[in-house]
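S.K.: Supplied structure: final_16.txt, compact mmCIF, C-alpha atoms.
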```txt
# COMPACT_ATOMS: atom_id res chain seq x y z
CA MET A 1 0.00 0.00 0.00
CA SER A 2 2.87 2.39 0.81
CA GLU A 3 4.42 1.76 -2.59
CA LEU A 4 1.14 2.56 -4.31
CA ALA A 5 0.79 5.72 -2.28
CA THR A 6 4.25 7.04 -3.04
CA SER A 7 4.43 6.01 -6.72
CA PRO A 8 3.63 8.74 -9.27
CA ALA A 9 0.34 8.65 -11.06
CA ILE A 10 0.04 7.31 -14.56
CA GLY A 11 1.04 9.98 -17.06
CA ASP A 12 3.29 11.79 -14.53
CA GLU A 13 6.41 9.69 -15.08
CA ASN A 14 8.43 12.83 -15.91
CA PRO A 15 6.99 15.81 -14.06
CA VAL A 16 9.82 18.05 -15.15
CA SER A 17 9.17 17.48 -18.85
CA SER A 18 5.46 18.07 -18.39
CA ALA A 19 6.12 21.54 -17.07
CA SER A 20 5.67 24.30 -19.58
CA ALA A 21 9.08 25.02 -21.15
CA PRO A 22 9.84 28.50 -22.51
CA ALA A 23 9.01 28.71 -26.19
CA GLU A 24 11.92 29.22 -28.55
CA PRO A 25 11.87 32.57 -30.35
CA ALA A 26 10.61 32.33 -33.91
CA PRO A 27 13.30 32.79 -36.55
CA LYS A 28 13.48 36.34 -37.83
CA GLN A 29 11.75 36.72 -41.17
CA LEU A 30 13.79 38.54 -43.80
CA SER A 31 12.18 41.04 -46.11
CA GLN A 32 12.25 40.43 -49.83
CA TRP A 33 15.29 42.69 -50.25
CA GLY A 34 16.88 41.04 -47.23
CA GLU A 35 16.53 37.62 -48.84
CA ILE A 36 17.99 38.94 -52.11
CA ARG A 37 20.93 40.44 -50.24
CA HIS A 38 21.45 37.22 -48.28
CA ARG A 39 21.48 35.10 -51.43
CA TYR A 40 23.84 37.54 -53.12
CA VAL A 41 26.47 37.51 -50.37
CA GLN A 42 26.44 33.69 -50.43
CA ASN A 43 27.98 33.90 -53.90
CA LYS A 44 31.66 34.56 -53.22
CA LEU A 45 32.48 35.45 -56.82
CA ALA A 46 29.64 37.97 -56.83
CA VAL A 47 31.12 39.62 -53.73
CA VAL A 48 34.54 39.70 -55.40
CA GLY A 49 32.96 41.26 -58.49
CA LEU A 50 31.23 43.91 -56.38
CA PHE A 51 34.54 44.73 -54.71
CA ILE A 52 36.20 45.11 -58.13
CA ILE A 53 33.45 47.41 -59.40
CA CYS A 54 33.54 49.56 -56.25
CA LEU A 55 37.32 49.83 -56.62
CA LEU A 56 36.92 50.88 -60.25
CA PHE A 57 34.33 53.51 -59.33
CA LEU A 58 36.60 54.93 -56.64
CA THR A 59 39.49 54.96 -59.10
CA ALA A 60 37.38 56.77 -61.68
CA ILE A 61 36.14 59.36 -59.18
CA PHE A 62 39.41 60.03 -57.35
CA GLY A 63 41.76 59.30 -60.23
CA ASP A 64 43.28 62.78 -60.23
CA MET A 65 44.44 62.27 -56.64
CA LEU A 66 45.63 58.70 -57.20
CA ALA A 67 47.66 59.29 -60.37
CA PRO A 68 51.30 60.09 -59.51
CA PHE A 69 51.85 61.93 -62.83
CA ASP A 70 49.89 63.87 -65.41
CA PRO A 71 48.62 61.14 -67.80
CA THR A 72 49.26 63.38 -70.83
CA ALA A 73 52.65 64.78 -69.78
CA GLN A 74 55.51 63.65 -72.05
CA ASP A 75 59.08 62.96 -70.97
CA LEU A 76 61.05 62.28 -74.14
CA GLU A 77 64.19 61.59 -72.12
CA ASN A 78 62.55 58.64 -70.35
CA THR A 79 60.69 56.76 -73.11
CA LEU A 80 59.87 53.04 -72.95
CA ALA A 81 61.13 52.79 -69.38
CA ASP A 82 60.57 49.47 -67.63
CA PRO A 83 58.46 49.38 -64.45
CA ASP A 84 60.41 50.67 -61.44
CA GLY A 85 59.91 52.50 -58.16
CA THR A 86 59.12 55.78 -59.92
CA HIS A 87 57.00 54.56 -62.82
CA TRP A 88 55.23 51.52 -61.39
CA MET A 89 54.08 50.28 -64.80
CA GLY A 90 56.75 51.90 -66.94
CA THR A 91 56.39 54.60 -69.57
CA ASP A 92 55.21 54.54 -73.18
CA ALA A 93 56.95 55.64 -76.39
CA LEU A 94 56.40 59.31 -75.48
CA GLY A 95 57.56 58.97 -71.90
CA ARG A 96 54.05 59.14 -70.39
CA ASP A 97 53.48 57.29 -67.14
CA MET A 98 51.52 54.10 -67.85
CA PHE A 99 49.99 53.80 -64.39
CA SER A 100 48.59 57.34 -64.54
CA ARG A 101 47.21 56.71 -68.03
CA LEU A 102 45.56 53.47 -66.93
CA ILE A 103 43.85 55.30 -64.06
CA ALA A 104 42.63 57.99 -66.45
CA GLY A 105 41.44 55.26 -68.82
CA THR A 106 39.33 53.78 -66.02
CA ARG A 107 37.28 56.97 -65.91
CA VAL A 108 36.71 56.89 -69.66
CA ALA A 109 35.78 53.19 -69.68
CA MET A 110 33.34 53.44 -66.77
CA PHE A 111 31.68 56.60 -68.04
CA VAL A 112 31.26 55.41 -71.63
CA GLY A 113 30.22 51.89 -70.62
CA LEU A 114 27.60 52.97 -68.10
CA ALA A 115 26.28 55.84 -70.21
CA SER A 116 25.80 53.69 -73.31
CA ILE A 117 24.02 50.97 -71.30
CA PHE A 118 21.83 53.59 -69.61
CA PHE A 119 20.60 54.96 -72.94
CA ALA A 120 20.24 51.46 -74.41
CA VAL A 121 18.07 50.41 -71.43
CA LEU A 122 16.09 53.64 -71.63
CA ILE A 123 15.23 53.07 -75.30
CA GLY A 124 14.74 49.33 -74.91
CA VAL A 125 12.44 49.62 -71.88
CA ALA A 126 10.24 52.24 -73.55
CA LEU A 127 9.83 50.30 -76.79
CA GLY A 128 9.65 46.90 -75.07
CA ALA A 129 6.87 48.13 -72.77
CA ILE A 130 4.87 49.39 -75.77
CA ALA A 131 5.36 46.12 -77.66
CA GLY A 132 4.58 43.86 -74.70
CA TYR A 133 1.55 45.65 -73.29
CA PHE A 134 -0.26 47.03 -76.32
CA ALA A 135 0.65 44.14 -78.68
CA GLY A 136 -0.93 44.13 -82.12
CA PHE A 137 0.53 46.52 -84.66
CA ALA A 138 2.80 48.21 -82.08
CA ASP A 139 4.33 44.86 -81.13
CA THR A 140 4.92 43.89 -84.75
CA LEU A 141 6.47 47.24 -85.65
CA VAL A 142 8.83 47.40 -82.65
CA MET A 143 9.96 43.79 -83.02
CA ARG A 144 10.66 44.11 -86.75
CA VAL A 145 12.75 47.22 -86.13
CA ALA A 146 14.55 45.36 -83.34
CA ASP A 147 15.25 42.48 -85.74
CA VAL A 148 16.97 44.91 -88.10
CA PHE A 149 19.27 46.18 -85.36
CA LEU A 150 19.95 42.66 -84.07
CA ALA A 151 20.91 41.51 -87.56
CA PHE A 152 23.38 44.37 -87.98
CA PRO A 153 26.82 43.65 -86.43
CA LEU A 154 27.46 45.92 -83.47
CA MET A 155 31.03 46.90 -84.31
CA ILE A 156 30.33 47.57 -87.99
CA GLY A 157 27.31 49.70 -87.19
CA ALA A 158 29.21 51.63 -84.52
CA VAL A 159 32.12 52.26 -86.89
CA VAL A 160 29.76 53.55 -89.59
CA ILE A 161 28.10 56.00 -87.17
CA ILE A 162 31.45 57.22 -85.84
CA LEU A 163 32.85 57.69 -89.33
CA VAL A 164 29.85 59.85 -90.19
CA THR A 165 29.76 61.88 -86.95
CA GLY A 166 33.47 61.92 -86.13
CA ARG A 167 35.50 60.41 -83.29
CA GLY A 168 34.76 61.29 -79.71
CA ILE A 169 33.24 60.04 -76.48
CA THR A 170 29.69 61.17 -77.34
CA PRO A 171 29.59 59.41 -80.77
CA VAL A 172 30.89 56.22 -79.15
CA ILE A 173 28.16 56.32 -76.49
CA ILE A 174 25.43 56.97 -79.07
CA SER A 175 26.63 54.26 -81.46
CA LEU A 176 26.87 51.58 -78.76
CA ALA A 177 23.46 52.51 -77.32
CA ILE A 178 21.76 52.43 -80.73
CA PHE A 179 22.94 48.90 -81.41
CA SER A 180 22.27 47.55 -77.89
CA TRP A 181 18.64 48.49 -77.19
CA ALA A 182 17.07 45.72 -79.28
CA THR A 183 18.01 42.92 -76.87
CA VAL A 184 16.65 44.94 -73.94
CA SER A 185 13.32 45.47 -75.70
CA ARG A 186 12.98 41.76 -76.49
CA LEU A 187 13.74 40.73 -72.90
CA LEU A 188 11.25 43.20 -71.46
CA ARG A 189 8.57 42.28 -73.98
CA SER A 190 8.84 38.60 -73.01
CA SER A 191 8.54 39.45 -69.31
CA ILE A 192 5.56 41.75 -69.86
CA LEU A 193 3.70 39.15 -71.90
CA SER A 194 3.63 36.89 -68.83
CA VAL A 195 3.14 39.59 -66.19
CA ARG A 196 0.22 41.33 -67.92
CA GLU A 197 -1.97 38.22 -67.44
CA MET A 198 -1.58 38.29 -63.65
CA ASP A 199 -4.65 38.86 -61.48
CA TYR A 200 -3.42 42.12 -59.97
CA VAL A 201 -3.07 43.61 -63.48
CA HIS A 202 -6.64 42.65 -64.34
CA ALA A 203 -7.78 44.08 -61.00
CA ALA A 204 -6.06 47.40 -61.71
CA LYS A 205 -7.77 47.57 -65.10
CA ALA A 206 -11.14 46.76 -63.54
CA LEU A 207 -10.68 49.62 -61.09
CA GLY A 208 -10.30 52.02 -63.99
CA ALA A 209 -6.52 52.50 -64.09
CA SER A 210 -5.24 53.81 -67.42
CA GLY A 211 -2.99 51.72 -69.59
CA TRP A 212 0.11 53.81 -68.88
CA ARG A 213 -0.59 53.71 -65.14
CA VAL A 214 -0.90 49.93 -65.23
CA VAL A 215 2.38 49.64 -67.14
CA ARG A 216 4.23 52.11 -64.91
CA THR A 217 2.89 50.94 -61.54
CA HIS A 218 2.22 47.22 -61.88
CA ILE A 219 3.89 45.74 -64.94
CA LEU A 220 7.32 47.39 -65.26
CA PRO A 221 8.42 46.91 -61.61
CA ASN A 222 7.70 43.18 -61.93
CA SER A 223 9.31 42.75 -65.35
CA LEU A 224 12.69 44.44 -65.01
CA THR A 225 14.65 41.59 -63.40
CA ALA A 226 15.91 40.17 -66.68
CA VAL A 227 16.74 43.65 -67.97
CA LEU A 228 18.72 44.48 -64.82
CA VAL A 229 20.78 41.31 -65.08
CA TYR A 230 21.37 41.82 -68.81
CA ALA A 231 22.42 45.45 -68.28
CA THR A 232 24.93 44.45 -65.60
CA PHE A 233 26.45 41.76 -67.81
CA ASN A 234 26.49 44.04 -70.83
CA VAL A 235 28.43 46.87 -69.16
CA GLY A 236 31.53 44.68 -69.48
CA THR A 237 30.70 43.91 -73.10
CA THR A 238 30.30 47.62 -73.81
CA ILE A 239 33.67 48.40 -72.22
CA ILE A 240 35.22 45.83 -74.56
CA GLY A 241 33.43 47.57 -77.43
CA VAL A 242 34.86 50.95 -76.41
CA ALA A 243 38.37 49.53 -76.26
CA ALA A 244 37.90 47.69 -79.58
CA LEU A 245 36.69 50.82 -81.37
CA SER A 246 39.65 52.81 -80.11
CA PHE A 247 42.02 49.98 -81.03
CA LEU A 248 40.63 50.05 -84.58
CA GLY A 249 41.07 53.81 -84.78
CA ALA A 250 37.34 54.62 -84.65
CA GLY A 251 36.79 55.29 -80.96
CA VAL A 252 37.85 58.16 -78.75
CA PRO A 253 40.64 60.44 -80.06
CA VAL A 254 44.19 59.13 -79.90
CA ASP A 255 45.31 61.80 -77.43
CA VAL A 256 42.73 60.65 -74.84
CA PRO A 257 44.15 58.18 -72.25
CA GLU A 258 41.97 55.15 -72.95
CA TRP A 259 42.68 51.43 -72.72
CA GLY A 260 42.01 50.73 -76.40
CA ASN A 261 44.31 53.57 -77.47
CA MET A 262 47.00 52.20 -75.18
CA LEU A 263 46.64 48.71 -76.67
CA ALA A 264 46.87 50.14 -80.17
CA ALA A 265 50.05 52.02 -79.26
CA GLY A 266 51.55 48.95 -77.60
CA GLN A 267 50.94 46.43 -80.38
CA ALA A 268 54.11 47.56 -82.17
CA PHE A 269 56.16 46.60 -79.10
CA ILE A 270 54.83 43.08 -78.50
CA GLY A 271 57.73 40.89 -77.42
CA VAL A 272 59.94 43.93 -76.82
CA GLU A 273 58.20 46.19 -74.29
CA ASP A 274 55.34 43.97 -73.16
CA HIS A 275 54.28 46.27 -70.32
CA LEU A 276 52.75 48.55 -72.97
CA TRP A 277 50.01 46.04 -73.78
CA VAL A 278 49.92 43.64 -70.82
CA TYR A 279 48.71 46.17 -68.24
CA PRO A 280 45.90 47.65 -70.37
CA SER A 281 44.78 44.12 -71.23
CA LEU A 282 44.69 43.18 -67.55
CA PHE A 283 42.59 46.23 -66.73
CA VAL A 284 40.07 45.30 -69.45
CA VAL A 285 39.92 41.64 -68.36
CA VAL A 286 39.51 42.40 -64.64
CA THR A 287 36.81 45.01 -65.32
CA VAL A 288 34.81 42.67 -67.55
CA LEU A 289 35.13 39.83 -65.03
CA GLY A 290 33.94 42.12 -62.24
CA PHE A 291 30.72 43.01 -64.06
CA ALA A 292 30.23 39.38 -65.14
CA PHE A 293 30.52 38.16 -61.53
CA VAL A 294 28.07 40.80 -60.31
CA GLY A 295 25.61 39.97 -63.09
CA ASP A 296 25.82 36.28 -62.28
CA GLY A 297 25.24 37.00 -58.60
CA LEU A 298 22.25 39.22 -59.35
CA ARG A 299 20.71 36.55 -61.55
CA ASP A 300 20.95 33.94 -58.78
CA ALA A 301 19.80 36.35 -56.08
CA LEU A 302 16.79 37.73 -57.96
CA ASP A 303 15.64 34.35 -59.26
CA PRO A 304 17.11 31.42 -57.28
CA LYS A 305 15.25 28.96 -59.53
CA LEU A 306 17.83 29.72 -62.24
CA ARG A 307 20.67 28.29 -60.13
```
Write the structure described by the file as structure tokens, please.
M.R.:
Amino acid sequence: MSELATSPAIGDENPVSSASAPAEPAPKQLSQWGEIRHRYVQNKLAVVGLFIICLLFLTAIFGDMLAPFDPTAQDLENTLADPDGTHWMGTDALGRDMFSRLIAGTRVAMFVGLASIFFAVLIGVALGAIAGYFAGFADTLVMRVADVFLAFPLMIGAVVIILVTGRGITPVIISLAIFSWATVSRLLRSSILSVREMDYVHAAKALGASGWRVVRTHILPNSLTAVLVYATFNVGTTIIGVAALSFLGAGVPVDVPEWGNMLAAGQAFIGVEDHLWVYPSLFVVVTVLGFAFVGDGLRDALDPKLR
């Protein structure tokens, strides 16, 4: 009887565990932008690319303070000097400091590359939105014009425009933008064709919103992911185009410190003074890789299903 009296009741074998334990705090929910940022930083190459691009922007902005010499100053008594403690990357055939010229070329490359992509996206988004939302004759007209520009080789078209207008930074920006908008318009049109059938778009129309308001408020913000990724990737491609045009003698003027001009001047010294073409080539390669890494990271962060 004493054992029965002192034994715990059925269901109370573990009184401690039956006590109410403190509830664990719920995991913090990230916002949509927080999730995008978290996915982006998980991509190590994307972080490296972002670091490269930030470094390039700082170099372009503060280049005048970073350059040890005037990039256009000539020293005919110190031509084709090898890299040393004074001239870190040597001098060219006119005695100009290569490191200072490469820093000045960074400003030209970043400005021309970003400006041409900006105008290409501006044109492509406007025409792509018209083609995707209004369809019909507008869609047919915009897409046929885009086909013409897509069929025309970029470099040949850019050279033709520059030969007509003359060399300079502005003609290069215009020529690259004119032959880059077609891809943007096609990407946006494809996104809009799927987004415009969503329920919230039909609801906005039912509430009396105008067509332009629906496009501006509901469709464009949800269709620009592909355009953003393409634009980031294509900045590097545009920088290659700038350097290629200058290398061919159809880009910015020869007296402007620009990577393509430096490569053109250094091709006569291949195998003799290799620092004249190796360093500009490295700057082009690293810049293009930086934008490619960032574009790849944005693609995975904005749409993880594409991984």
S.K.: Between A:Gly168, A:Gly34, A:Gly132, A:Gly157, which one has atoms that come closest to Val195 in chain A, using only C-alpha atoms?
M.R.: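 Ranking A:Gly168, A:Gly34, A:Gly132, A:Gly157 by distance to Val195 in chain A, first place goes to A:Gly132.
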S.K.: With all atoms listed in the file as the atoms that count, which of A:Leu245, A:Ile36, A:Met89, A:Leu94 lies nearest to Ala265 in chain A?
M.R.: A:Leu94
S.K.: Using all atoms listed in the file, which protein or nucleic acid residues come within 12 Å of Asp255 in chain A? Drop anything in the same chain fewer than 5 positions from it, and give the result as a CSV table (one decimal) with C-alpha atoms, keeping the file's coordinate frame.
M.R.:
```
chain,number,residue,atom,x,y,z
A,71,PRO,CA,48.6,61.1,-67.8
A,72,THR,CA,49.3,63.4,-70.8
A,73,ALA,CA,52.6,64.8,-69.8
A,74,GLN,CA,55.5,63.6,-72.0
A,94,LEU,CA,56.4,59.3,-75.5
A,96,ARG,CA,54.0,59.1,-70.4
A,101,ARG,CA,47.2,56.7,-68.0
A,104,ALA,CA,42.6,58.0,-66.4
A,105,GLY,CA,41.4,55.3,-68.8
A,167,ARG,CA,35.5,60.4,-83.3
A,168,GLY,CA,34.8,61.3,-79.7
A,246,SER,CA,39.6,52.8,-80.1
A,249,GLY,CA,41.1,53.8,-84.8
A,260,GLY,CA,42.0,50.7,-76.4
A,261,ASN,CA,44.3,53.6,-77.5
A,262,MET,CA,47.0,52.2,-75.2
A,265,ALA,CA,50.0,52.0,-79.3
```
S.K.: Each residue of range 72-188 of chain A with at least one atom at most 7 Å from range 56-62 of chain A should appear once, together with its nearest atom pair and the corresponding distance in Å (one decimal); atoms considered: all atoms listed in the file; ordering: chain, then increasing residue number; output as a tab-separated table.
M.R.:
```
residue	atom	partner	partner_atom	distance
A:Ile103	CA	A:Thr59	CA	6.6
A:Thr106	CA	A:Ala60	CA	5.6
A:Arg107	CA	A:Ala60	CA	4.2
```
S.K.: Excluding range 216-228 of chain A and any residue of its chain fewer than 3 positions from it, enumerate the residues within 6 Å of it, using all atoms listed in the file, and give them as a PyMOL selection string.
M.R.: chain A and resi 191-192+212-213+231
S.K.: Name the closest residue to Leu289 in chain A among the candidates A:Phe118, A:Phe99, A:Phe51, A:Trp259; distances are taken between atoms, counting all atoms listed in the file.
M.R.: A:Phe51
